[in-house]
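One structure is given below, encoded as structure tokens.
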Amino acid sequence: MKKIAWLMAGAMAGGVLTLSMQALADKEASPLPLNELRTFAEVFSLIKQSYVEPVTDKKLIDEAIKGMLTGLDPHSDYMDAEEFKELREGTQGEFGGLGIEIGAEDGLVKVVSPIEDTPAQKAGIKSGDLIIKIDDTPVRGLSLNDAVKKMRGKPGSKVTLTIARKNEAKPLVFTLARAIIKTKSVKYRMLEPGYGYVRIAQFQEHTAEDLAAGLQKLYQENKQPLKGLVLDLRDDPGGLLNGAVGVAAAFLPKDKLVVYTEGRTPDAKMRLTATLQNYARQNGTDPLAKLPLAVRSVPLAVLVNGGSASASEIVAGALQDHKRAVLVGTQTFGKGSVQSILPLGTQGGIKLTTARYFTPSGRSIQAKGITPDVAAEDATLTAADQALRVREADLENHLANPNGDDKPAKAAKPTAKPLPAPAAPESKDKAPDTPETGAPRAQNPRSDYQLSQALNVLKVQQILQKNEN
């Protein structure tokens, strides 16, 4: 196996961070467990001889490898050549499918969140839905990769999902047409004069430069420095590690620590700072070069929730530790582990958990998440909806928190009374008060309580600064 030369993430619950490292074949080999291998060979032989139907050697070996990896933790897995290709396509922001981020729970496939502007989101698939059947195939027992493979396909072809949803007496059936999923990493708009809004749906190859371009346009539209900015990371499952470092670097002083990782091998120990070499793309250019200087000091509120995972938690944790932003929302997902993508000679690869990551102050997010500074529940969710929200600590075989704390902390209360929810200015392209498409984010403070609270936090900061002056 060769050195990993790229960083990527899989479309799993919480997303997947990757770490460049020397392949295991270059390491000193451990003694083989001969007794256990004899047992394996015996079981292999019995299946070949006595199973009710003939089974190929390749299928048995592939399933054995998958079982070996998926039994470790929820994020380690085996990928054949086709799945390996799909993983690469997913991190480039374009692939064919339905647009669903999924995770495993009790042998079933659970929806972490639908991706915005995709067939799944438009059809009304919701976070917490349990997929119990894909076409005529029951999902129980399928690996996440197998489930993803069945849901992806030729654009225009149809697939039927049977879904169990809490408080629904009968399973729901959705027939969706597959499409080319071109996920838009960054969206932005002015909420009202002086206050901008940026949403990051997933961390991809171009996220840092798309963020910089969006911020430039917001400053041009406002025609003067912004009074405040809302960074929305809700339901962002993560993605590329260098994308997360780039986003954090947009708001932090140069060389500030963003995240560090700890693992068993020297290659698994990294310290990533807000430095060009840690977020630049392969061409070496700085995606943040044209970023307005005022961005690094503009008052910042970051929205997070239970769907904010992995790379999202890295950004939120770094900005919180450096006291650069006020976090508003609910406890994050809690995925604090790093997966390395290791290619195999068969053109497939494995996704292997190799390290845990930590915020600049040394906090482990694993199975705990990040606690917002200001607690704000999503007013559109019922208690039943919130109970359906799956987090890292709910996943089978999840890694323990190295600090021995797997329980989410209580969110701090605001230090000042929030202002009344502001009215959104009239404009031709304003978001509707009630989204008709099932979009998870209306981007309008009048219909999004958490967004209105983030905007209020920024306005309170403005009032406090004026009083100090």
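Here, A, B, ... name the chains of the structure tokens in the order displayed, residue numbers run from 1 inside each chain, and ligands are numbered from 1 in the same displayed order.
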If you count only C-alpha atoms, which residues fall within 8 Å of region 357-361 of chain A, apart from same-chain ones fewer than 5 positions away, as a short mmCIF file (atom, residue, chain, number, x, y, z; two decimals) with N, CA and C atoms, in the first residue's frame?
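Okay, selection_19.cif is ready:
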data_model
loop_
_atom_site.label_atom_id
_atom_site.label_comp_id
_atom_site.auth_asym_id
_atom_site.auth_seq_id
_atom_site.Cartn_x
_atom_site.Cartn_y
_atom_site.Cartn_z
N LEU A 257 -4.00 27.73 16.74
CA LEU A 257 -4.29 26.30 16.69
C LEU A 257 -5.78 26.09 16.42
N VAL A 258 -6.09 25.23 15.45
CA VAL A 258 -7.48 24.91 15.11
C VAL A 258 -7.88 23.57 15.71
N VAL A 259 -7.04 22.56 15.56
CA VAL A 259 -7.35 21.22 16.05
C VAL A 259 -6.06 20.42 16.14
N TYR A 260 -6.02 19.46 17.07
CA TYR A 260 -4.90 18.51 17.07
C TYR A 260 -5.44 17.11 17.26
N THR A 261 -4.67 16.12 16.82
CA THR A 261 -5.12 14.74 16.86
C THR A 261 -4.12 13.90 17.65
N GLU A 262 -4.63 12.85 18.28
CA GLU A 262 -3.80 11.91 19.04
C GLU A 262 -4.16 10.49 18.63
N ILE A 314 -15.17 20.72 14.72
CA ILE A 314 -13.82 21.28 14.75
C ILE A 314 -13.88 22.81 14.64
N GLY A 317 -15.67 24.27 17.78
CA GLY A 317 -14.82 24.16 18.96
C GLY A 317 -13.66 25.14 18.94
N ALA A 318 -13.04 25.32 17.77
CA ALA A 318 -11.91 26.24 17.66
C ALA A 318 -12.35 27.68 17.89
N ASP A 321 -13.21 28.05 21.65
CA ASP A 321 -12.03 28.04 22.53
C ASP A 321 -11.26 29.35 22.45
N HIS A 322 -11.17 29.92 21.26
CA HIS A 322 -10.44 31.18 21.08
C HIS A 322 -11.32 32.40 21.35
N GLY A 336 -15.74 12.70 17.45
CA GLY A 336 -14.39 13.21 17.65
C GLY A 336 -13.31 12.24 17.24
N SER A 337 -13.58 11.39 16.24
CA SER A 337 -12.58 10.43 15.78
C SER A 337 -12.17 10.72 14.35
N VAL A 338 -10.97 10.27 14.00
CA VAL A 338 -10.38 10.52 12.69
C VAL A 338 -10.30 9.21 11.92
#
- Residues within 10 Å of Tyr197 (chain A), only C-alpha atoms, excluding chain neighbours under 3 positions, as a list of chain:residue names: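 In the requested form, the answer reads A:Lys187, A:Tyr188, A:Arg189, A:Met190, A:Leu191, A:Glu192, A:Gly214, A:Leu215, A:Leu218, A:Gly228, A:Leu229, A:Val230, A:Leu231, A:Asp232, A:Ala301, A:Gln443, A:Asn444, A:Leu451, A:Leu455.
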Let's have the selection written as a PDB file, in the first residue's frame, with C-alpha atoms.
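Result file is part06.pdb:
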ATOM      1  CA  LYS A 187     -24.882  29.679   0.770  1.00  0.00           C
ATOM      2  CA  TYR A 188     -25.084  33.307   1.870  1.00  0.00           C
ATOM      3  CA  ARG A 189     -27.413  36.297   2.023  1.00  0.00           C
ATOM      4  CA  MET A 190     -28.011  39.522   3.911  1.00  0.00           C
ATOM      5  CA  LEU A 191     -30.474  39.037   6.759  1.00  0.00           C
ATOM      6  CA  GLU A 192     -30.954  42.789   7.099  1.00  0.00           C
ATOM      7  CA  GLY A 214     -19.509  34.702  -0.397  1.00  0.00           C
ATOM      8  CA  LEU A 215     -18.128  36.984   2.294  1.00  0.00           C
ATOM      9  CA  LEU A 218     -21.813  40.270   1.416  1.00  0.00           C
ATOM     10  CA  GLY A 228     -22.356  40.992  12.650  1.00  0.00           C
ATOM     11  CA  LEU A 229     -22.273  37.649  10.856  1.00  0.00           C
ATOM     12  CA  VAL A 230     -24.153  34.385  11.454  1.00  0.00           C
ATOM     13  CA  LEU A 231     -22.294  31.196  10.486  1.00  0.00           C
ATOM     14  CA  ASP A 232     -24.811  28.352  10.202  1.00  0.00           C
ATOM     15  CA  ALA A 301     -22.504  33.910  16.046  1.00  0.00           C
ATOM     16  CA  GLN A 443     -32.841  31.445   6.379  1.00  0.00           C
ATOM     17  CA  ASN A 444     -35.404  33.877   7.743  1.00  0.00           C
ATOM     18  CA  LEU A 451     -31.503  32.097  13.659  1.00  0.00           C
ATOM     19  CA  LEU A 455     -29.168  37.620  15.314  1.00  0.00           C
TER      20      LEU A 455
END
- Select, from A:Gly369, A:Gly334, A:Gly107, A:Gly362, the residue with the minimum atom-to-atom distance to Gly71 (chain A), counting only C-alpha atoms. A:Gly107
- Near Ile125 (chain A), counting only C-alpha atoms, which residues have an atom at most 12 Å away, once you skip same-chain residues fewer than 4 positions from it, shown as a VMD selection string? chain A and resid 98 to 102 110 to 121 129 to 131 161 to 165 172 to 176 437 to 440
- Item | Gap from CA of Arg178 (chain A) to CA of Ser157 (chain A) - Å, one decimal |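 One can read the CA of Arg178 (chain A) to CA of Ser157 (chain A) distance as 5.6 Å.
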- Task: Using only C-alpha atoms, determine which residues lie at most 9 Å from Leu276 (chain A), disregarding the query and same-chain residues fewer than 5 positions distant; provide the list as a list in words.
- Result: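 Near neighbours after the sequence-gap exclusion: Gly246, Ala249, Lys254, Asp255, Gly284, Thr285, Asp286, Pro287 and Leu288 of chain A.
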- Task: Using DSSP on the backbone, list every residue of region 284-347 of chain A that comes out as strand (DSSP E), and give them as a ChimeraX atom specification.
- Result: /A:300-304,326-329,337-343
- Task: May I have the residues within 9 Å of Ala212 (chain A) as number ranges by chain, using only C-alpha atoms and disregarding those fewer than 6 positions away in the same chain?
- Result: A: 247, 250, 287-292
Write the residues of the preceding selection, restricted to N, CA and C atoms, as a CSV table (one decimal), in the first residue's frame.
chain,number,residue,atom,x,y,z
A,247,VAL,N,-12.0,27.1,6.9
A,247,VAL,CA,-13.1,28.0,7.4
A,247,VAL,C,-12.7,28.6,8.7
A,250,ALA,N,-10.4,31.5,8.3
A,250,ALA,CA,-11.0,32.7,7.8
A,250,ALA,C,-11.4,33.7,8.9
A,287,PRO,N,-6.9,30.2,-0.8
A,287,PRO,CA,-8.3,30.5,-1.1
A,287,PRO,C,-8.8,31.7,-0.3
A,288,LEU,N,-8.1,32.1,0.8
A,288,LEU,CA,-8.6,33.2,1.6
A,288,LEU,C,-7.8,34.5,1.3
A,289,ALA,N,-7.1,34.5,0.2
A,289,ALA,CA,-6.2,35.7,-0.1
A,289,ALA,C,-7.0,36.9,-0.3
A,290,LYS,N,-8.2,36.8,-0.9
A,290,LYS,CA,-9.0,38.0,-1.1
A,290,LYS,C,-10.1,38.3,-0.1
A,291,LEU,N,-10.0,37.6,1.0
A,291,LEU,CA,-10.9,37.8,2.1
A,291,LEU,C,-10.8,39.2,2.7
A,292,PRO,N,-12.0,39.9,2.9
A,292,PRO,CA,-11.9,41.2,3.6
A,292,PRO,C,-11.3,41.1,4.9
- Task: Have a look at CA of Asp80 (chain A) and CA of Leu352 (chain A) and let me know their distance in Å, one decimal.
- Result: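 The value is 14.3 Å.
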